[in-house]
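Presented below is the structure to which this report refers.
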Amino acid sequence: MVLSCLLLISVAAGADTLSVSPDSRFSSIQDAVNHARSGDVIFVQHATYHEGNILIDKKLNLTGIEYPEIYPGDTAEGFVVIADSVVIRGFQISDVARSYLKDRAGIRINDCRHCLIENNRLIRTFFGIYLKNARGCIIRDNEIEGVPGDEASTGNAIHLWYSKDITVERNTARGHRDGIYLEFVENSHVENNFSENNIRYGLHFMFSNNDDYRYNTFRKNGAGVAVMYSRNIIMENNVFEQNRGSSSYGLLLKDILDGQIRFNHFIENTIGIYADGSNRILYEFNEFRENGWALKILGSCSDNTITQNNFTGNTFDVMTNSKTSMNTFTGNYWSHYSGYDLDRDGVGDVPYRPVRLFSYIVGNVPSSILLLRSFFVELLNYAEQITPAVTPAFLEDRSPRMKIIKP
Amino acid sequence: MIKILKYSFFDLIRSKWSLIYFLFYLAVTFGLLYMSSDSSKAFLSLSNIVLLITPLTGTLFGALYYYNSKEFNELLLALPIRRSAIFIGRYLGLSLSLSLSFLAGVCIPFLFYGFQKAIGPGGFALFLMTGVMLTLIFSAISFLIALKNDNTIKGFGICLLVWLFLSILFDGIFLILLVYFERYPLDKLALALTLLNPIDLSRIIMTLQMDISALLGYTGAVFRRFFGSASGIIYASLALMFWIAVPVWLILIISRRKDF
Amino acid sequence: MIEVSGLHKSFGRNTVLKGIDLVLPAGNVTAVLGPNGSGKTTLLKSILGMVLPDKGDIRVLGRSIHHQWEYRQAIGYLPQIARFPENLTVQELIRMVMDLRRQRADEGPLLALFDLEHFLKKRLRYLSGGTRQKINVMLAFLFDHQIMILDEPTAGLDPLAVLHLKELIRNERQKGKTICLTTHILPLVDDIADRVVYLLEGNVYFEGTIGQLKEKYKGGNTESAIGRMLQPEKYD
């Protein structure tokens with residue numbers, strides 16, 4: 001009944017409908033694709049299909065019914081799309097073998113536009129969904145789950161290369177090298193994705209400009225998000241949590257320009273944000289809670305504005321390697337602030353210096369972390385606060401808030 | 001021993017010092033929970049106070065109690081009771097009544113305000129355990145010092161010095177050592193050094209709760225094993241028990257040989 | 001009966017007892033006398049096991065007390081100054097001592113004798129020094145002990161209480177108990193003691209009955225006899 005309705009709709013649109021199942025006329029997907037005409041719809045019934053490198057070279061809508069299972073074998077990829085406006089929906093693609101020579105993927109889009117990849121499951125694929133030179137494509141509601149190995153033996157869950165106007169949303173990426181990887185990608189949106197337990201980064205921008213990512217969650221990755229050599233990236237309303245380890249960050253910024261980091265939550269990361277060579281970025285209304293270091297901002301960063309953020313319960317609030325500060329800290333809430341507010345305007349009357357002497361000591365003598373929060377160390381910190389000798393005297397918030405800021 | 005413990009405990013629990021100690025923790029905990037706008041800040045301050053005050057009160061009350069009840073000890077010594085039973089019983093009576101004041105003073109405000117998400121019930125239980133351990137340790141140490149020194153002034157002086165040393169000076173020396181021998185692999189030595197100070201051990205148990213994100217940033221293999229699992233907390237707790245056992249054992253030895 | 005033989009004790013460089021040999025027979029009140037620092041208290045505390053001797057042996061009721069504690073079941077001790085757990089009531093204190101001794105006794109008559117009944121519910125911290133001392137005496141005489149050791153028993157007591165105390169001591173003596181006391185009040189010795197042990201610089205200077213003491217040093221009473229004993233030239 002459902003099928004016949006769909007059939008009617010397709011007929012009305014002037015397109016044919018083909019059905020693939022092991023005991024019907026088309027027992028392989030490739031066979032159906034070869035016989036279809038541009039604009040046709042191919043329904044693939046639930047079954048196990050041992051075929052790979054399924055080449056889609058015309059505008060087709062491929063829809064899996066109850067997740068037909070595709071096993072491409074040891075040397076092949078899953079789907080390879082080389083035509084515009086292709087839809088691939090509802091498939092489960094498993095066990096794409098890793099290769100050190102070729103980036104094999106579950107679903108590959110090469111040089112085309114307006115494709116839609118949705119509701120697929122990609123299990124133990126070397127690369128999950130791989131876009132090369134694509135435009136205006138949408139990748140959504142896919143579940144991509146890899147087996148974490150080392151960085152070299154695992155590909156990215158969603159890999160975008162040299163593409164434009166791509167939307168990546170509501171996907172789940174686990175156990176890959178990077179959850180979502182963008183290289184030379186412009187004007188694209190990454191939203192509402194969930195990226196967890198990836199070996200390297202939950203989301204990774206390289207040489208990509210004018211993109212944004214919002215409402216994503218990055219949990220327990222090697223590092224949550226890395227934004228490198230990119231410009232104008234908007235980062236809003238994301239959650240970066242429990243990205244912990246010796247070189248773990250919630251967010252890593254490396255040589256970027258003109259971004260915005262707003263309304264994000266950085267929770268229980270070893271380092272909330274690590275910024276190196278990052279300039280003219282606005283940090284606003286973020287929450288930094290219970291991180292080891294909320295913000296490591298190196299001396300190579302300048303003209304950043306850090307305002308109206310909440311820093312609560314972090315071991316160290318801010319760390320830097322420079323004695324000067326070319327960034328502006330103002331109007332943030334710091335839970336370690338112990339000043340007073342005599343005029344009751346909600347702003348502390350003495351400035352807050354968020355850099356602790358002890359974080360320098362830990363930087364030089366790592367085993368001294370054992371003395372964290374000891375009275376001796378607190379005394380040292382206190383003395384340094386009063387007369388800064390090692391920490392940058394000008395890195396201070398002159399109007400620290402007395403209460404948590406509600407954005 | 002149980003009888004001595006019972007009478008010492010009931011005597012002490014009715015003393016004004018127990019009440020003052022209880023009220024102190026009650027006021028501090030209520031105050032912190034009421035005034036701090038975020039719970040992790042309140043808990044951080046509270047744990048700092050506990051790490052500073054519990055050893056101090058354990059030390060002072062231990063010595064104070066011993067010296068105040070010297071004649072009562074003599075009365076007990078003339079009774080047909082083992083010496084070990086007298087001193088262990090009195091020590092336990094003291095440390096349990098102090099622990100009770102501490103537990104009640106801290107728990108009541110938390111019951112009132114509810115458990116805070118900053119710690120969780122497991123962390124809170126560990127925090128309470130640490131406070132009780134510190135009380136047990138420092139009242140044993142001061143009891144021991146008082147037992148060894150009949151001169152009250154000298155005894156109190158030594159008690160305060162021990163507290164000052166373990167609270168502040170030890171860490172200073174520790175840090176200087178680490179900085180001075182920076183080039184050598186010191187992880188094991190550093191962990192071993194913390195064994196020598198019950199306050200450090202307790203502090204590490206607390207930081208394993210509150211600062212685990214920072215601790216996991218450490219690269220050394222020894223520390224990673226230590227911080228990365230429950231082994232750190234187990235190791236520190238065992239060491240704390242050792243810190244109770246040793247002074248108590250010394251109390252036994254010294255009380256057996258002492259003339260009263 | 002208490003037998004002390006060859007008892008030595010020194011505290012650091014200060015030698016307090018230099019070989020004490022003594023017998024405190026049953027059914028006698030023995031007063032241990034001597035100037036301050038002569039070793040009286042050390043002797044008593046050695047018998048009680050509070051001070052551990054360097055050398056020598058003490059036998060209580062025929063058995064050596066070395067490393068023992070059960071023998072104290074047979075000893076009642078009245079310390080010089082009584083300090084009790086401050087926050088217990090008098091009644092609780094009595095119960096406690098009974099409990100700790102695992103012995104029961106009827107405190108009623110002694111409470112009445114010393115007029116202590118209305119203090120029963122009071123905490124010890126609120127009691128005067130005299131009242132405390134009465135409680136101290138009461139606790140020492142509460143049980144039926146074979147041996148009584150009384151360190152300055154009259155100190156701090158009012159005259160009436162002293163009278164009662166003497167009566168108690170005589171009663172116990174009648175029952176054939178071994179009683180040993182120290183005091184600075186020599187008339188008391190005349191009053192209740194049978195025997196005198198005089199310690200001087202850690203040695204037994206005199207041991208014998210009061211009669212022997214008076215006879216040997218030709219004193220009308222203990223006070224004058226001791227005076228002659230210590231400074232014979234002055235009296236000759």
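Residues in the structure tokens are numbered from 1 in each chain, the chains being A, B, ... in the order shown, and ligands are numbered from 1 in the order shown.
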Discussion item. Give me the residues near Leu111 (chain C) as a PyMOL selection string, where near means some atom within 12 Å (using only C-alpha atoms) and where sequence neighbours in that chain fewer than 2 positions away do not count.
Written reply: chain C and resi 90-91+94+106-109+113-120+131+134-139+141-142+161+164
Keeping N, CA and C atoms, export the residues of the selection given above as a PDB file, in the first residue's frame.
ATOM      1  N   VAL C  90      27.809  13.402  89.309  1.00  0.00           N
ATOM      2  CA  VAL C  90      28.374  12.593  90.380  1.00  0.00           C
ATOM      3  C   VAL C  90      27.863  11.158  90.262  1.00  0.00           C
ATOM      4  N   GLN C  91      26.586  11.044  90.012  1.00  0.00           N
ATOM      5  CA  GLN C  91      25.995   9.716  89.893  1.00  0.00           C
ATOM      6  C   GLN C  91      26.645   8.917  88.756  1.00  0.00           C
ATOM      7  N   ILE C  94      30.026   7.665  89.746  1.00  0.00           N
ATOM      8  CA  ILE C  94      29.974   6.481  90.616  1.00  0.00           C
ATOM      9  C   ILE C  94      29.686   5.236  89.775  1.00  0.00           C
ATOM     10  N   ASP C 106      27.185  -0.427  97.411  1.00  0.00           N
ATOM     11  CA  ASP C 106      26.094   0.467  97.796  1.00  0.00           C
ATOM     12  C   ASP C 106      26.695   1.788  98.247  1.00  0.00           C
ATOM     13  N   GLU C 107      26.477   2.808  97.441  1.00  0.00           N
ATOM     14  CA  GLU C 107      27.093   4.092  97.754  1.00  0.00           C
ATOM     15  C   GLU C 107      26.282   4.876  98.793  1.00  0.00           C
ATOM     16  N   GLY C 108      25.065   4.411  99.088  1.00  0.00           N
ATOM     17  CA  GLY C 108      24.146   5.157  99.949  1.00  0.00           C
ATOM     18  C   GLY C 108      24.742   5.606 101.276  1.00  0.00           C
ATOM     19  N   PRO C 109      25.264   4.694 102.087  1.00  0.00           N
ATOM     20  CA  PRO C 109      25.776   5.097 103.389  1.00  0.00           C
ATOM     21  C   PRO C 109      26.880   6.149 103.292  1.00  0.00           C
ATOM     22  N   LEU C 113      26.982   9.811 104.759  1.00  0.00           N
ATOM     23  CA  LEU C 113      28.021  10.188 105.710  1.00  0.00           C
ATOM     24  C   LEU C 113      28.644  11.529 105.338  1.00  0.00           C
ATOM     25  N   PHE C 114      28.933  11.692 104.060  1.00  0.00           N
ATOM     26  CA  PHE C 114      29.593  12.935 103.621  1.00  0.00           C
ATOM     27  C   PHE C 114      28.605  13.976 103.103  1.00  0.00           C
ATOM     28  N   ASP C 115      27.314  13.688 103.297  1.00  0.00           N
ATOM     29  CA  ASP C 115      26.300  14.678 102.955  1.00  0.00           C
ATOM     30  C   ASP C 115      26.370  15.060 101.464  1.00  0.00           C
ATOM     31  N   LEU C 116      26.460  14.048 100.600  1.00  0.00           N
ATOM     32  CA  LEU C 116      26.673  14.314  99.173  1.00  0.00           C
ATOM     33  C   LEU C 116      25.419  14.060  98.328  1.00  0.00           C
ATOM     34  N   GLU C 117      24.332  13.620  98.972  1.00  0.00           N
ATOM     35  CA  GLU C 117      23.191  13.165  98.178  1.00  0.00           C
ATOM     36  C   GLU C 117      22.668  14.215  97.207  1.00  0.00           C
ATOM     37  N   HIS C 118      22.619  15.472  97.652  1.00  0.00           N
ATOM     38  CA  HIS C 118      22.016  16.482  96.769  1.00  0.00           C
ATOM     39  C   HIS C 118      22.958  16.931  95.647  1.00  0.00           C
ATOM     40  N   PHE C 119      24.159  16.362  95.610  1.00  0.00           N
ATOM     41  CA  PHE C 119      25.055  16.679  94.472  1.00  0.00           C
ATOM     42  C   PHE C 119      24.970  15.640  93.353  1.00  0.00           C
ATOM     43  N   LEU C 120      24.203  14.579  93.608  1.00  0.00           N
ATOM     44  CA  LEU C 120      24.218  13.440  92.692  1.00  0.00           C
ATOM     45  C   LEU C 120      24.010  13.819  91.237  1.00  0.00           C
ATOM     46  N   THR C 131      34.087  19.511  98.001  1.00  0.00           N
ATOM     47  CA  THR C 131      33.101  18.493  97.629  1.00  0.00           C
ATOM     48  C   THR C 131      33.741  17.418  96.759  1.00  0.00           C
ATOM     49  N   LYS C 134      35.615  15.076  98.866  1.00  0.00           N
ATOM     50  CA  LYS C 134      34.734  14.133  99.565  1.00  0.00           C
ATOM     51  C   LYS C 134      34.334  12.998  98.617  1.00  0.00           C
ATOM     52  N   ILE C 135      34.044  13.367  97.374  1.00  0.00           N
ATOM     53  CA  ILE C 135      33.673  12.346  96.396  1.00  0.00           C
ATOM     54  C   ILE C 135      34.844  11.394  96.177  1.00  0.00           C
ATOM     55  N   ASN C 136      36.016  11.978  96.150  1.00  0.00           N
ATOM     56  CA  ASN C 136      37.240  11.218  95.996  1.00  0.00           C
ATOM     57  C   ASN C 136      37.354  10.169  97.108  1.00  0.00           C
ATOM     58  N   VAL C 137      37.158  10.641  98.373  1.00  0.00           N
ATOM     59  CA  VAL C 137      37.226   9.748  99.530  1.00  0.00           C
ATOM     60  C   VAL C 137      36.157   8.662  99.400  1.00  0.00           C
ATOM     61  N   MET C 138      34.954   9.108  99.044  1.00  0.00           N
ATOM     62  CA  MET C 138      33.851   8.170  98.936  1.00  0.00           C
ATOM     63  C   MET C 138      34.170   7.058  97.932  1.00  0.00           C
ATOM     64  N   LEU C 139      34.721   7.455  96.795  1.00  0.00           N
ATOM     65  CA  LEU C 139      35.038   6.451  95.763  1.00  0.00           C
ATOM     66  C   LEU C 139      36.084   5.450  96.267  1.00  0.00           C
ATOM     67  N   PHE C 141      36.576   4.452  99.337  1.00  0.00           N
ATOM     68  CA  PHE C 141      36.057   3.559 100.376  1.00  0.00           C
ATOM     69  C   PHE C 141      34.799   2.820  99.963  1.00  0.00           C
ATOM     70  N   LEU C 142      34.398   3.020  98.709  1.00  0.00           N
ATOM     71  CA  LEU C 142      33.127   2.468  98.254  1.00  0.00           C
ATOM     72  C   LEU C 142      33.158   0.935  98.212  1.00  0.00           C
ATOM     73  N   ALA C 161      34.473  16.200 107.956  1.00  0.00           N
ATOM     74  CA  ALA C 161      34.780  15.142 106.995  1.00  0.00           C
ATOM     75  C   ALA C 161      36.031  14.391 107.416  1.00  0.00           C
ATOM     76  N   HIS C 164      35.036  11.883 109.915  1.00  0.00           N
ATOM     77  CA  HIS C 164      34.414  10.722 109.277  1.00  0.00           C
ATOM     78  C   HIS C 164      35.458   9.843 108.623  1.00  0.00           C
TER      79      HIS C 164
END
Determine, for each residue of chain B having at least one atom at most 9 Å from an atom of chain C, the closest pair of atoms and their separation in Å to one decimal, counting only C-alpha atoms; order by chain and ascending number, as a Markdown table.
| residue | atom | partner | partner_atom | distance |
| --- | --- | --- | --- | --- |
| B:Lys3 | CA | C:Leu100 | CA | 6.9 |
| B:Ile4 | CA | C:Leu100 | CA | 7.7 |
| B:Tyr7 | CA | C:Met96 | CA | 7.3 |
| B:Ser8 | CA | C:Pro85 | CA | 7.5 |
| B:Phe10 | CA | C:Leu88 | CA | 7.8 |
| B:Asp11 | CA | C:Asn87 | CA | 5.0 |
| B:Leu12 | CA | C:Asn87 | CA | 7.1 |
| B:Ile13 | CA | C:Asn87 | CA | 8.7 |
| B:Arg14 | CA | C:Asn87 | CA | 6.2 |
| B:Ser15 | CA | C:Asn87 | CA | 6.2 |
| B:Asn68 | CA | C:Arg83 | CA | 8.8 |
| B:Ser69 | CA | C:Arg83 | CA | 6.9 |
| B:Lys70 | CA | C:Arg83 | CA | 8.0 |
| B:Glu71 | CA | C:Arg83 | CA | 5.3 |
| B:Phe72 | CA | C:Phe84 | CA | 5.2 |
| B:Asn73 | CA | C:Arg83 | CA | 8.8 |
| B:Glu74 | CA | C:Met50 | CA | 7.7 |
| B:Leu75 | CA | C:Pro79 | CA | 7.1 |
| B:Leu76 | CA | C:Leu100 | CA | 8.7 |
| B:Leu77 | CA | C:Met50 | CA | 6.4 |
| B:Ala78 | CA | C:Leu48 | CA | 5.9 |
| B:Leu79 | CA | C:Arg72 | CA | 5.9 |
| B:Pro80 | CA | C:Arg72 | CA | 4.6 |
| B:Ile81 | CA | C:Trp69 | CA | 6.3 |
| B:Arg82 | CA | C:Trp69 | CA | 6.1 |
| B:Arg83 | CA | C:Trp69 | CA | 8.4 |
| B:Arg257 | CA | C:Leu52 | CA | 7.5 |
| B:Lys258 | CA | C:Val51 | CA | 7.3 |
| B:Asp259 | CA | C:Val51 | CA | 4.3 |
| B:Phe260 | CA | C:Met50 | CA | 5.3 |
With N, CA and C atoms retained, write the just-selected residues as a PDB file, in the first residue's frame.
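The new file out-v5.pdb reads:
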ATOM      1  N   LYS B   3      34.585   0.612  77.422  1.00  0.00           N
ATOM      2  CA  LYS B   3      33.983   1.388  78.516  1.00  0.00           C
ATOM      3  C   LYS B   3      34.640   2.751  78.651  1.00  0.00           C
ATOM      4  N   ILE B   4      35.978   2.731  78.619  1.00  0.00           N
ATOM      5  CA  ILE B   4      36.704   4.003  78.714  1.00  0.00           C
ATOM      6  C   ILE B   4      36.286   4.908  77.563  1.00  0.00           C
ATOM      7  N   TYR B   7      32.833   6.387  78.255  1.00  0.00           N
ATOM      8  CA  TYR B   7      32.767   7.475  79.233  1.00  0.00           C
ATOM      9  C   TYR B   7      33.484   8.716  78.739  1.00  0.00           C
ATOM     10  N   SER B   8      34.627   8.529  78.082  1.00  0.00           N
ATOM     11  CA  SER B   8      35.325   9.705  77.551  1.00  0.00           C
ATOM     12  C   SER B   8      34.447  10.407  76.523  1.00  0.00           C
ATOM     13  N   PHE B  10      31.141  10.350  76.172  1.00  0.00           N
ATOM     14  CA  PHE B  10      29.979  11.053  76.736  1.00  0.00           C
ATOM     15  C   PHE B  10      30.384  12.283  77.522  1.00  0.00           C
ATOM     16  N   ASP B  11      31.571  12.201  78.147  1.00  0.00           N
ATOM     17  CA  ASP B  11      32.077  13.381  78.839  1.00  0.00           C
ATOM     18  C   ASP B  11      32.346  14.500  77.840  1.00  0.00           C
ATOM     19  N   LEU B  12      33.043  14.142  76.753  1.00  0.00           N
ATOM     20  CA  LEU B  12      33.475  15.168  75.797  1.00  0.00           C
ATOM     21  C   LEU B  12      32.327  15.728  74.980  1.00  0.00           C
ATOM     22  N   ILE B  13      31.405  14.851  74.624  1.00  0.00           N
ATOM     23  CA  ILE B  13      30.345  15.304  73.733  1.00  0.00           C
ATOM     24  C   ILE B  13      29.473  16.342  74.434  1.00  0.00           C
ATOM     25  N   ARG B  14      29.555  16.350  75.757  1.00  0.00           N
ATOM     26  CA  ARG B  14      28.791  17.364  76.493  1.00  0.00           C
ATOM     27  C   ARG B  14      29.625  18.590  76.834  1.00  0.00           C
ATOM     28  N   SER B  15      30.892  18.591  76.436  1.00  0.00           N
ATOM     29  CA  SER B  15      31.708  19.750  76.805  1.00  0.00           C
ATOM     30  C   SER B  15      31.425  20.900  75.861  1.00  0.00           C
ATOM     31  N   ASN B  68      44.376  18.354  80.476  1.00  0.00           N
ATOM     32  CA  ASN B  68      43.290  18.673  81.393  1.00  0.00           C
ATOM     33  C   ASN B  68      42.874  17.489  82.234  1.00  0.00           C
ATOM     34  N   SER B  69      43.106  16.310  81.723  1.00  0.00           N
ATOM     35  CA  SER B  69      42.561  15.152  82.423  1.00  0.00           C
ATOM     36  C   SER B  69      43.670  14.259  82.943  1.00  0.00           C
ATOM     37  N   LYS B  70      44.831  14.876  83.194  1.00  0.00           N
ATOM     38  CA  LYS B  70      45.968  14.121  83.708  1.00  0.00           C
ATOM     39  C   LYS B  70      45.632  13.381  85.003  1.00  0.00           C
ATOM     40  N   GLU B  71      44.983  14.105  85.924  1.00  0.00           N
ATOM     41  CA  GLU B  71      44.680  13.503  87.220  1.00  0.00           C
ATOM     42  C   GLU B  71      43.638  12.402  87.072  1.00  0.00           C
ATOM     43  N   PHE B  72      42.727  12.623  86.135  1.00  0.00           N
ATOM     44  CA  PHE B  72      41.737  11.584  85.891  1.00  0.00           C
ATOM     45  C   PHE B  72      42.417  10.331  85.339  1.00  0.00           C
ATOM     46  N   ASN B  73      43.435  10.547  84.510  1.00  0.00           N
ATOM     47  CA  ASN B  73      44.217   9.411  84.030  1.00  0.00           C
ATOM     48  C   ASN B  73      44.781   8.641  85.207  1.00  0.00           C
ATOM     49  N   GLU B  74      45.280   9.400  86.213  1.00  0.00           N
ATOM     50  CA  GLU B  74      45.878   8.726  87.363  1.00  0.00           C
ATOM     51  C   GLU B  74      44.836   7.896  88.093  1.00  0.00           C
ATOM     52  N   LEU B  75      43.636   8.474  88.184  1.00  0.00           N
ATOM     53  CA  LEU B  75      42.561   7.720  88.824  1.00  0.00           C
ATOM     54  C   LEU B  75      42.295   6.419  88.070  1.00  0.00           C
ATOM     55  N   LEU B  76      42.275   6.530  86.755  1.00  0.00           N
ATOM     56  CA  LEU B  76      42.020   5.330  85.943  1.00  0.00           C
ATOM     57  C   LEU B  76      43.166   4.326  86.069  1.00  0.00           C
ATOM     58  N   LEU B  77      44.401   4.862  86.129  1.00  0.00           N
ATOM     59  CA  LEU B  77      45.566   3.973  86.179  1.00  0.00           C
ATOM     60  C   LEU B  77      45.571   3.150  87.456  1.00  0.00           C
ATOM     61  N   ALA B  78      44.950   3.694  88.512  1.00  0.00           N
ATOM     62  CA  ALA B  78      44.909   2.959  89.767  1.00  0.00           C
ATOM     63  C   ALA B  78      43.800   1.911  89.774  1.00  0.00           C
ATOM     64  N   LEU B  79      42.964   1.940  88.746  1.00  0.00           N
ATOM     65  CA  LEU B  79      41.893   0.945  88.669  1.00  0.00           C
ATOM     66  C   LEU B  79      42.418  -0.310  87.970  1.00  0.00           C
ATOM     67  N   PRO B  80      41.757  -1.421  88.182  1.00  0.00           N
ATOM     68  CA  PRO B  80      42.226  -2.646  87.524  1.00  0.00           C
ATOM     69  C   PRO B  80      41.881  -2.670  86.040  1.00  0.00           C
ATOM     70  N   ILE B  81      42.584  -1.848  85.275  1.00  0.00           N
ATOM     71  CA  ILE B  81      42.377  -1.770  83.831  1.00  0.00           C
ATOM     72  C   ILE B  81      43.757  -1.770  83.184  1.00  0.00           C
ATOM     73  N   ARG B  82      43.845  -2.386  82.019  1.00  0.00           N
ATOM     74  CA  ARG B  82      45.090  -2.347  81.256  1.00  0.00           C
ATOM     75  C   ARG B  82      45.418  -0.922  80.843  1.00  0.00           C
ATOM     76  N   ARG B  83      46.698  -0.597  80.847  1.00  0.00           N
ATOM     77  CA  ARG B  83      47.096   0.746  80.398  1.00  0.00           C
ATOM     78  C   ARG B  83      46.679   0.994  78.956  1.00  0.00           C
ATOM     79  N   ARG B 257      55.424   2.129  78.797  1.00  0.00           N
ATOM     80  CA  ARG B 257      56.715   2.328  79.471  1.00  0.00           C
ATOM     81  C   ARG B 257      56.738   3.552  80.371  1.00  0.00           C
ATOM     82  N   LYS B 258      55.671   4.303  80.369  1.00  0.00           N
ATOM     83  CA  LYS B 258      55.744   5.607  81.031  1.00  0.00           C
ATOM     84  C   LYS B 258      55.426   5.507  82.517  1.00  0.00           C
ATOM     85  N   ASP B 259      56.090   6.387  83.300  1.00  0.00           N
ATOM     86  CA  ASP B 259      55.748   6.538  84.717  1.00  0.00           C
ATOM     87  C   ASP B 259      54.781   7.687  84.859  1.00  0.00           C
ATOM     88  N   PHE B 260      53.755   7.481  85.680  1.00  0.00           N
ATOM     89  CA  PHE B 260      52.769   8.559  85.856  1.00  0.00           C
ATOM     90  C   PHE B 260      52.833   9.140  87.262  1.00  0.00           C
TER      91      PHE B 260
END
Worksheet item: So how far away is CA of Ile129 (chain A) from CA of Ala157 (chain A), in Å?
Response: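 Interatomic distance, CA of Ala157 (chain A) to CA of Ile129 (chain A): 6.3 Å.
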Tell me the residues of chain A close to chain B, meaning within 9 Å using only C-alpha atoms, as a short mmCIF file (atom, residue, chain, number, x, y, z; two decimals) with C-alpha atoms, in the first residue's frame.
data_model
loop_
_atom_site.label_atom_id
_atom_site.label_comp_id
_atom_site.auth_asym_id
_atom_site.auth_seq_id
_atom_site.Cartn_x
_atom_site.Cartn_y
_atom_site.Cartn_z
CA GLN A 242 35.37 15.92 29.05
CA ASN A 243 38.00 16.25 26.40
CA ARG A 244 40.75 15.21 28.77
CA GLY A 245 44.32 14.07 28.41
CA SER A 246 47.84 15.39 28.27
CA SER A 247 47.29 17.30 25.02
CA SER A 248 43.54 17.63 25.17
CA GLU A 268 35.56 19.40 32.45
CA ASN A 269 38.19 19.65 29.76
CA THR A 270 41.88 19.54 30.54
CA ILE A 271 42.17 22.82 28.64
CA GLU A 290 35.58 22.77 36.02
CA ASN A 291 38.28 22.71 33.41
CA GLY A 292 41.93 22.20 34.28
CA TRP A 293 42.81 25.40 32.46
CA THR A 312 33.47 28.69 37.51
CA GLY A 313 35.39 26.05 39.39
CA ASN A 314 38.30 25.81 36.98
CA THR A 315 41.60 24.70 38.43
CA PHE A 316 43.28 27.57 36.59
CA SER A 335 34.52 32.17 40.75
CA HIS A 336 38.05 32.57 42.15
CA ILE A 361 55.40 26.48 38.26
CA ASN A 364 58.04 24.24 34.36
CA VAL A 365 57.97 21.46 36.95
CA PRO A 366 55.02 19.26 36.06
CA SER A 367 55.25 17.00 39.10
CA SER A 368 54.55 20.00 41.30
CA ILE A 369 50.89 19.55 40.32
CA LEU A 370 50.78 17.35 43.41
CA LEU A 371 50.93 20.52 45.47
CA LEU A 372 47.84 21.98 43.86
CA ARG A 373 45.71 23.87 46.39
CA SER A 374 48.21 23.46 49.20
CA PHE A 375 48.41 26.39 51.61
CA PHE A 376 51.96 27.11 50.67
CA VAL A 377 50.98 27.39 47.02
CA MET A 402 30.11 39.57 41.25
CA LYS A 403 27.44 37.15 40.12
CA ILE A 404 27.15 34.51 37.44
#
Discussion item. Taking only region 7-234 of chain C into account, list the residues labelled strand (DSSP E or B) by DSSP (computed from the backbone), as a ChimeraX atom specification.
Written reply: /C:7-11,14-24,29-33,55-60,63-64,75-78,89,123,147-151,178-182,195-200,203-209
Discussion item. Give me the residues near Ile205 (chain B) as number ranges by chain, where near means some atom within 9 Å (using only C-alpha atoms) and where sequence neighbours in that chain fewer than 6 positions away do not count.
Written reply: B: 126-127, 130, 232-233, 236-237
Discussion item. My list of candidates is A:Asp276, A:Glu284, A:Asp16, A:Asp397. Which is closest to Leu298 (chain A) when distances are computed with only C-alpha atoms?
Written reply: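 Ranked by minimum distance to Leu298 (chain A), first place goes to A:Asp276.
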Practice prompt. Would you mind listing what lies within 9 Å of Tyr21 (chain B) as number ranges by chain, with only C-alpha atoms counted and same-chain residues fewer than 3 positions away left out?
Written response: B: 16-18, 24-26, 57, 98, 101-102, 105
Worksheet item: So which residues touch region 52-60 of chain A within 6 Å, counting only C-alpha atoms, skipping near sequence neighbours fewer than 3 positions away, as an MDAnalysis selection string?
Response: chainID A and resid 30 38:41 72 76:86
Discussion item. As an exercise, work out the distance from CA of Tyr215 (chain A) to CA of Glu191 (chain A) in Å and give it to one decimal place.
Written reply: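 Distance reported for this atom pair: 5.7 Å.
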Practice prompt. Mind listing the alpha helix (DSSP H) residues of region 1-249 of chain B, per DSSP on the backbone, as a PyMOL selection string?
Written response: chain B and resi 2-13+16-35+39-68+70-77+83-113+120-148+152-164+170-180+187-195+198-210+212-215+221-228+231-249
Discussion item. Let me make sure I understand: among C:Glu167, C:Glu172, C:Asp21, C:Asp57, which one has the smallest atom-to-atom distance to Asp144 (chain C) if we use only C-alpha atoms?
Written reply: C:Glu172
Worksheet item: If we count only C-alpha atoms, what is near Asn232 (chain A) at a cut-off of 9 Å, once residues fewer than 4 positions away on the same chain are taken out, given as a PyMOL selection string?
Response: chain A and resi 208-212+256-260+281
Practice prompt. Take CA of Pro121 (chain B) and CA of Leu103 (chain B) and report the distance between them in Å, one decimal.
Written response: 14.5 Å
